[in-house]
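Below is one structure, written out as structure tokens; the observations come after it.
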Amino acid sequence: MTHLRVFVFLLISAAFAFGQKPQNGNPSSPPKQALVLAQKFYREVVARHPTGLPSGADRSVFTPYLSKRLLERIDLAKACADDWVRQDRKRMSMKDQVPEKAPFGWAEAGVFSGPDERTEPDAFFIERAESEQDGSIRVYVRLTLSSPPPETWGVAAVLVRERGRLVVDDVIYLRDKSDAADVWLSKLLSHGCNGSRWVGFVDGKDKQ
């Protein structure tokens, strides 16, 4: 009788075990697709070196990788830049001044790679991907420029799901010895703007 009870207990335990969902690693770990997308995206960045707002052929190439929200932010930044040009022309006609240099941080930046001399990386390396609490995924990328002086810096592509697929929703220029803080592309695109209107800065900050 004792042996029969043990046998029945083992059968029940086995049935219960097979009925459980398998636990394969961390359920919050980023999907492989995030790394694949970042690999393809930064292969295009290194090949094309998009500077300023993507337009023409660059716009066609990068649009499939970008979220609807990021594309809308790019369009608003373009509209804001056009508004700044209109305002600058008006100032010039009234005061006979020389044209001002465009005050947009993205104007001479590699929007997906970084500002200043970081517009033309010639190589990249995908370091890791991390899931965030808001459901987004950050893929950390190391970019390099080998021409003298050689330089290496980091960015993070922020991925979100849109209509069942992963897309790039933002890019973070990660702080290093030359930068005091992280810079988000979305903030850079709206700096000095109120939607499509140019409103300028007060002490280096956006007007409220």
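How things are named: the first chain in the structure tokens is A, the next is B, and so on; residues count from 1 in each chain; ligands count from 1 in the order shown.
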*Would you kindly return, as a PyMOL selection string, each protein, DNA or RNA residue with an atom no farther than 10 Å from any atom of A:Arg197, considering only C-alpha atoms and excluding same-chain residues fewer than 6 positions away?*
chain A and resi 76-77+79-84+190
Could you save those same residues with N, CA and C atoms as an mmCIF file, in the first residue's frame?
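Contents of again_28.cif, as written:
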```
data_model
loop_
_atom_site.group_PDB
_atom_site.id
_atom_site.type_symbol
_atom_site.label_atom_id
_atom_site.label_comp_id
_atom_site.auth_asym_id
_atom_site.auth_seq_id
_atom_site.Cartn_x
_atom_site.Cartn_y
_atom_site.Cartn_z
ATOM 1 N N LEU A 76 8.380 68.368 -37.123
ATOM 2 C CA LEU A 76 8.172 69.595 -36.347
ATOM 3 C C LEU A 76 9.455 70.417 -36.271
ATOM 4 N N ALA A 77 10.602 69.736 -36.123
ATOM 5 C CA ALA A 77 11.881 70.447 -36.090
ATOM 6 C C ALA A 77 12.135 71.160 -37.409
ATOM 7 N N ALA A 79 9.780 72.241 -39.489
ATOM 8 C CA ALA A 79 8.842 73.369 -39.542
ATOM 9 C C ALA A 79 9.321 74.513 -38.655
ATOM 10 N N CYS A 80 9.868 74.184 -37.488
ATOM 11 C CA CYS A 80 10.394 75.206 -36.583
ATOM 12 C C CYS A 80 11.591 75.918 -37.210
ATOM 13 N N ALA A 81 12.449 75.160 -37.895
ATOM 14 C CA ALA A 81 13.595 75.762 -38.575
ATOM 15 C C ALA A 81 13.130 76.705 -39.683
ATOM 16 N N ASP A 82 12.101 76.315 -40.408
ATOM 17 C CA ASP A 82 11.545 77.184 -41.451
ATOM 18 C C ASP A 82 10.978 78.464 -40.840
ATOM 19 N N ASP A 83 10.343 78.333 -39.666
ATOM 20 C CA ASP A 83 9.806 79.513 -38.992
ATOM 21 C C ASP A 83 10.930 80.427 -38.531
ATOM 22 N N TRP A 84 12.029 79.855 -38.051
ATOM 23 C CA TRP A 84 13.184 80.674 -37.660
ATOM 24 C C TRP A 84 13.730 81.441 -38.854
ATOM 25 N N SER A 190 13.542 69.631 -30.318
ATOM 26 C CA SER A 190 12.543 70.625 -29.906
ATOM 27 C C SER A 190 13.154 71.841 -29.227
#
```
*Report as number ranges by chain: the residues of stretch 53-194 of chain A with a DSSP assignment of helix (DSSP H, G or I), based on the backbone of this structure.*
A: 56-65, 68-95, 116-118, 185-190
Tell me, counting only C-alpha atoms, for each residue of stretch 21-140 of chain A within 10 Å of stretch 149-158 of chain A, which pair of atoms is nearest and how far apart they are in Å to one decimal, in rows ordered by chain and increasing number, as a tab-separated table.
```
residue	atom	partner	partner_atom	distance
A:Ala34	CA	A:Ala157	CA	9.7
A:Ala38	CA	A:Ala157	CA	7.4
A:Phe41	CA	A:Ala157	CA	9.6
A:Tyr42	CA	A:Ala157	CA	9.6
A:Phe112	CA	A:Ala157	CA	8.3
A:Ser113	CA	A:Val155	CA	6.8
A:Gly114	CA	A:Val155	CA	7.7
A:Glu117	CA	A:Glu151	CA	9.4
A:Arg118	CA	A:Trp153	CA	8.4
A:Pro121	CA	A:Thr152	CA	8.8
A:Ala123	CA	A:Thr152	CA	9.6
A:Phe124	CA	A:Thr152	CA	9.3
A:Phe125	CA	A:Gly154	CA	9.6
A:Ile126	CA	A:Ala156	CA	9.7
A:Glu127	CA	A:Gly154	CA	9.5
A:Arg128	CA	A:Ala156	CA	9.6
A:Ala129	CA	A:Ala156	CA	9.0
A:Glu130	CA	A:Val158	CA	9.7
A:Ser131	CA	A:Val158	CA	9.8
A:Glu132	CA	A:Val158	CA	9.6
A:Ser136	CA	A:Val158	CA	6.6
A:Ile137	CA	A:Val158	CA	5.7
A:Arg138	CA	A:Val158	CA	4.7
A:Val139	CA	A:Ala157	CA	5.2
A:Tyr140	CA	A:Ala156	CA	4.4
```
What would the file look like if the residues just selected were written as a tab-separated table (two decimals), in the first residue's frame with N, CA and C atoms?
```tsv
chain	number	residue	atom	x	y	z
A	34	ALA	N	15.79	43.13	-31.11
A	34	ALA	CA	16.30	44.46	-30.77
A	34	ALA	C	17.75	44.61	-31.23
A	38	ALA	N	19.12	47.13	-34.28
A	38	ALA	CA	20.19	48.08	-34.04
A	38	ALA	C	21.38	47.83	-34.96
A	41	PHE	N	20.37	49.17	-38.36
A	41	PHE	CA	20.21	50.62	-38.31
A	41	PHE	C	21.58	51.31	-38.32
A	42	TYR	N	22.48	50.86	-37.46
A	42	TYR	CA	23.78	51.53	-37.38
A	42	TYR	C	24.71	51.16	-38.53
A	112	PHE	N	21.85	60.53	-35.44
A	112	PHE	CA	21.81	59.21	-34.83
A	112	PHE	C	23.16	58.79	-34.24
A	113	SER	N	24.17	59.66	-34.37
A	113	SER	CA	25.50	59.29	-33.89
A	113	SER	C	26.08	60.27	-32.89
A	114	GLY	N	25.73	61.56	-32.97
A	114	GLY	CA	26.26	62.51	-32.01
A	114	GLY	C	26.61	63.85	-32.64
A	117	GLU	N	32.12	66.66	-34.00
A	117	GLU	CA	32.95	65.81	-34.85
A	117	GLU	C	32.48	64.35	-34.85
A	118	ARG	N	31.32	64.09	-34.30
A	118	ARG	CA	30.85	62.70	-34.22
A	118	ARG	C	29.80	62.39	-35.29
A	121	PRO	N	31.09	58.46	-37.98
A	121	PRO	CA	31.76	57.26	-37.45
A	121	PRO	C	32.05	56.28	-38.59
A	123	ALA	N	32.93	52.96	-37.80
A	123	ALA	CA	32.70	51.60	-37.30
A	123	ALA	C	31.79	51.68	-36.07
A	124	PHE	N	31.15	50.56	-35.75
A	124	PHE	CA	30.29	50.50	-34.56
A	124	PHE	C	30.32	49.11	-33.98
A	125	PHE	N	29.93	49.03	-32.71
A	125	PHE	CA	29.86	47.75	-32.02
A	125	PHE	C	28.65	47.78	-31.09
A	126	ILE	N	27.77	46.79	-31.22
A	126	ILE	CA	26.60	46.69	-30.34
A	126	ILE	C	27.06	46.07	-29.03
A	127	GLU	N	26.93	46.84	-27.93
A	127	GLU	CA	27.43	46.38	-26.64
A	127	GLU	C	26.42	45.51	-25.90
A	128	ARG	N	25.21	46.00	-25.76
A	128	ARG	CA	24.21	45.26	-24.99
A	128	ARG	C	22.83	45.89	-25.19
A	129	ALA	N	21.81	45.18	-24.76
A	129	ALA	CA	20.44	45.70	-24.78
A	129	ALA	C	19.83	45.51	-23.40
A	130	GLU	N	19.06	46.50	-22.97
A	130	GLU	CA	18.43	46.45	-21.66
A	130	GLU	C	16.96	46.84	-21.75
A	131	SER	N	16.09	46.07	-21.12
A	131	SER	CA	14.67	46.39	-21.07
A	131	SER	C	14.42	47.43	-19.98
A	132	GLU	N	13.59	48.42	-20.28
A	132	GLU	CA	13.23	49.46	-19.32
A	132	GLU	C	11.84	49.20	-18.75
A	136	SER	N	10.15	50.06	-23.09
A	136	SER	CA	11.11	50.33	-24.15
A	136	SER	C	12.38	49.50	-23.95
A	137	ILE	N	13.21	49.46	-24.96
A	137	ILE	CA	14.48	48.74	-24.91
A	137	ILE	C	15.59	49.71	-25.30
A	138	ARG	N	16.65	49.74	-24.52
A	138	ARG	CA	17.81	50.56	-24.87
A	138	ARG	C	18.92	49.65	-25.38
A	139	VAL	N	19.35	49.93	-26.59
A	139	VAL	CA	20.47	49.20	-27.17
A	139	VAL	C	21.68	50.12	-27.15
A	140	TYR	N	22.71	49.72	-26.42
A	140	TYR	CA	23.90	50.54	-26.26
A	140	TYR	C	24.91	50.22	-27.37
```
